[in-house]
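What follows is a set of notes on a single structure, which appears directly below.
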Amino acid sequence: MSEVIEVDGVSKRFKIHHERHNSLKERILHPGAGNTELFDALRDVSFSVGEGETVGILGHNGSGKSTLLKCVCGVLQPSEGQIRLRGSLAALLELGAGFQHELSGRDNVYLYGSMLGFSRKRVDQIFDDIVDFSELAHFIDTPVKFYSSGMYVRLAFAVAVNVDPDILVVDEVLAVGDERFQAKCIDRIRTFQREGRTILLVTHQADTVKAICDRAIVLDHGLKVADGEVGEGLRIFREHLLGGAAPGSTSSAPAVRVEAVSAPSGSFEVRHGGQLNLEVDLVSDQAVSGNLVIEIYTRSGLLVSRNDSQAAPVDLTPGATRVTVGLSDVPLLDGVYDVNVGVVDPQGGTVLGWREKAAAIQVIYDGRAGGVVALDAAVTQW
Amino acid sequence: MDDAPATRRSGLAAPVRVVSARPSLGARLRNLADRRELLTGLITSDIRIKYKGSALGIFWSMLSPALTLATYYLVFSIFLKNGIPDFVVYLFAGLVVWNLFQGGVSASTGVIVDRAGLVKKVSFPREILALSNIGAAVIYFLIQVGVLAVFLLIIGHAPAWGFVAVLPLAFLALYFLTAAIGIVMSAITVYLRDVRHLMDVVLQLWFWLSPVVYSYENSIAAPLRRHGLTALYFLNPVTPIIITFQRAFYAAPVVRSTTTGLPLHVLPSWSLGEFVVINAGLVVGSFVLFLLALVVFGRLEGNFESEL
């Protein structure tokens with residue numbers, strides 16, 4: 001597999017001005033730039049992405065993930081290190097950032113295309129596809145200042161995905177447009193994957209990463225803390241970073257560890273329709289009340305159910321606490337399911353502790369239905 | 001979509017692009033050459049936006065210099081008779097040069113600050129923003145030269161054809177000089193916002209230091225020579241370019257005064273060969289300045305995002 005993106009020892013340092021001295025007078029009165037602080041947004045990050053890979057970059061706000069993406073796109077220059085790219089790149093960073101309000105949609109398609117680095121000839125060839133995809137055929141000769149924000153974004157997205165880039169860089173823009181258009185965008189991204197293109201995606205939506213990516217990279221405070229399989233990346237993202245044990249973390253949020261999940265019956269096997277009790281051992285560093293969250297996933301990564309004990313928060317004392325979770329009338333069909341367990345803050349929803357794949361339950365089902373859950377389909381003939 | 005895989009393969013065969021802290025000058029120039037379509041796109045969109053919705057469109061760009069021209073004509077040929085015949089031609093020849101220089105520099109000075117949204121979000125060589133504004137000034141320049149040509153035809157004033165052949169050299173020198181100053185100023189303005197206003201003042205002063213509304217040879221050459229300041233006056237690189245345009249379009253270095261009937265030295269009596277050498281030297285010098293400007297811009301652009 002040939003490397004399409006190579007990020008080599010990239011650091012990015014920003015100057016933060018506490019007081020701006022931008023006028024000549026102030027520069028003269030305050031030589032030495034006054035209150036300037038250096039901030040390391042990225043610290044010696046290296047990784048490479050092969051042709052056809054879809055890589056998700058995870059990280060909380062301020063972890064440097066957007067900075068990294070901007071460096072890859074060339075919007076920012078790294079302070080140190082370099083990034084090598086092979087092939088053309090289209091970035092969905094800020095959709096429509098290059099649009100000129102006074103110009104028509106048509107003119108903006110050409111202008112935006114050339115900003116992304118594609119020739120007029122190339123845009124000519126795909127102009128109809130772009131208009132079709134954006135569903136703006138009626139308005140293509142209207143100045144974009146009259147567009148709604150949805151139309152605006154749709155046009156920009158249509159240009160970016162139709163110019164046929166080798167590398168697509170996406171930054172949390174999938175939440176645009178109505179639900180139908182979103183589905184269309186996801187669909188287009190999957191087509192890209194099938195065609196063997198390389199995709200780099202930044203998000204903090206774990207579900208998106210799980211659904212789309214082959215690999216996950218986790219950033220924290222500018223450092224790369226994980227790089228590998230998606231499930232593992234997500235585990236680190238949740239446990240390590242959100243659990244408050246992040247390196248260099250300044251938060252004083254209580255940390256809860258999900259120590260172990262066991263079954264009192266000694267077995268994680270349950271019959272369809274039966275009852276399964278799980279015992280969860282939690283260790284907290286202070287007294288805190290939180291909601292217990294249980295997620296059940298199929299082995300193929302489909303979220304079957306997410307529950308939290310909203311109605312009955314658990315009160316944790318410093319030290320170990322054991323809670324029991326009873327799953328009754330298990331509606332699942334046969335198969336192995338992964339269980340993720342976590343504790344979240346009842347107010348803000350901040351994750352206090354999390355354990356990915358804390359247990360695997362085996363469901364036994366004798367019936368003939370297929371799929372994930374049993375649904376009674378009563379057929380009546382009149 | 002059928003040709004997509006083929007396009008992609010050719011994309012992968014494409015040379016590796018490198019994003020690094022400090023791209024080399026060669027990389028900058030290659031990058032600029034690769035993105036020339038963006039440059040033309042930005043120039044056309046600039047011009048279209050400027051005249052959008054106006055009935056006369058781009059003809060407005062002729063009206064403003066024509067008005068200036070009419071004013072100067074009234075002042076210098078009718079009220080303050082300076083005795084130079086067809087002084088309008090002399091004036092317009094210098095003015096087109098000055099308009100390109102002044103228009104290009106002042107339009108590009110604030111361009112990075114004005115387009116901060118774009119600079120922070122889309123990847124392209126940032127100097128293209130300055131170059132696109134200068135490109136628009138070049139378009140207006142060409143229109144004005146066209147107006148001048150038509151005017152010469154109407155009044156039957158023949159240009160000096162041998163010297164017209166030097167104009168491409170003079171234009172190149174003017175372009176690189178304008179681009180060099182515009183690019184550097186656009187980057188400095190990001191850090192020092194006052195520079196924009198400072199440039200307005202500097203350009204006004206600069207205008208009077210250049211022989212546009214007065215004749216260098218007729219009015220100030222002798223006093224400058226007396227005080228040994230000729231070399232200092234010619235430190236202004238716009239001056240020889242203006243004189244070249246005047247020599248080509250006004251054509252006559254020595255004319256008979258309309259008021260006194262005595263011969264007037266309007267333009268320096270340099271030979272064609274001297275004009276070629278001067279302008280070729282200017283092209284080389286201004287191209288070096290242009291490269292230097294790209295290097296300086298590259299140094300300064302690294303911190304744009306924390307200043308915008």
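If you're wondering about the labels, chains in the structure tokens are A, B, ... by order shown, residues count from 1 in each chain, ligands from 1 in order shown.
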List every residue of chain A that has an atom at most 9 Å from any atom of chain B, giving for each one its closest atom pair and the distance in Å to one decimal, counting only C-alpha atoms, sorted by chain and then by ascending residue number, as CSV.
residue,atom,partner,partner_atom,distance
A:Val4,CA,B:Leu12,CA,7.9
A:Val10,CA,B:Ser20,CA,8.7
A:Phe14,CA,B:Ser306,CA,6.4
A:Lys15,CA,B:Ser306,CA,6.0
A:Ile16,CA,B:Ser306,CA,6.7
A:His17,CA,B:Ser306,CA,8.0
A:Arg20,CA,B:Glu307,CA,8.8
A:His21,CA,B:Leu192,CA,8.3
A:Asn22,CA,B:Leu192,CA,5.1
A:Ser23,CA,B:Leu192,CA,5.3
A:Leu24,CA,B:Leu192,CA,5.9
A:Lys25,CA,B:Asp194,CA,8.6
A:Arg27,CA,B:Leu192,CA,8.1
A:Lys70,CA,B:Lys121,CA,8.0
A:Cys71,CA,B:Val19,CA,7.4
A:Val72,CA,B:Val19,CA,7.3
A:Cys73,CA,B:Ser123,CA,6.4
A:Gly74,CA,B:Ser123,CA,5.2
A:Val75,CA,B:Ser123,CA,4.4
A:Leu76,CA,B:Glu305,CA,7.7
A:Gln77,CA,B:Ala21,CA,5.4
A:Pro78,CA,B:Ala21,CA,5.1
A:Ser79,CA,B:Ala21,CA,5.2
A:Glu80,CA,B:Ala21,CA,5.8
A:Gly81,CA,B:Ser20,CA,6.3
A:Gln82,CA,B:Ser20,CA,4.3
A:Ile83,CA,B:Val19,CA,5.0
A:Arg84,CA,B:Val18,CA,4.5
A:Leu85,CA,B:Arg17,CA,5.0
A:Arg86,CA,B:Val16,CA,4.7
A:Gly87,CA,B:Gly11,CA,4.4
A:Ser88,CA,B:Gly11,CA,6.2
A:Ala91,CA,B:Val122,CA,8.3
A:Leu93,CA,B:Lys121,CA,7.0
A:Glu94,CA,B:Lys121,CA,6.4
A:Ala97,CA,B:Leu118,CA,6.0
A:Gly98,CA,B:Leu118,CA,5.8
A:Phe99,CA,B:Leu118,CA,8.9
A:Gln100,CA,B:Ser45,CA,8.2
A:Glu102,CA,B:Ile49,CA,6.2
A:Leu103,CA,B:Ile49,CA,6.9
A:Asp107,CA,B:Ser45,CA,8.0
A:Asn108,CA,B:Ser45,CA,9.0
A:Tyr110,CA,B:Gly41,CA,7.8
A:Leu111,CA,B:Gly41,CA,5.9
A:Tyr112,CA,B:Leu38,CA,8.9
A:Gly113,CA,B:Leu38,CA,8.6
A:Ser114,CA,B:Leu38,CA,5.0
A:Met115,CA,B:Leu38,CA,6.0
A:Leu116,CA,B:Ser123,CA,7.5
A:Gly117,CA,B:Arg35,CA,6.7
A:Phe118,CA,B:Glu37,CA,8.4
A:Ser119,CA,B:Glu37,CA,6.6
A:Arg120,CA,B:Glu37,CA,7.4
A:Asp164,CA,B:Ala4,CA,6.9
A:Pro165,CA,B:Arg8,CA,7.5
A:Asp166,CA,B:Arg8,CA,5.9
A:Glu195,CA,B:Pro5,CA,7.4
A:Gly196,CA,B:Pro5,CA,8.8
A:Arg197,CA,B:Arg8,CA,8.3
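One distance worth recording is that between CA of Pro318 (chain A) and CA of Arg257 (chain A), which is 11.3 Å.
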**Request:** Might you pull out every residue within 8 Å of Tyr73 (chain B), with only C-alpha atoms counted and same-chain residues fewer than 5 positions away left off, and present them as a PyMOL selection string?
**Result:** chain B and resi 78+87-88
With C-alpha atoms retained, export the selected residues as a PDB file, in the first residue's frame.
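What landed in out30.pdb:
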ATOM      1  CA  ILE B  78      -5.505  76.697 -20.272  1.00  0.00           C
ATOM      2  CA  PHE B  87       0.314  68.365 -23.010  1.00  0.00           C
ATOM      3  CA  VAL B  88      -2.691  66.049 -22.492  1.00  0.00           C
TER       4      VAL B  88
END
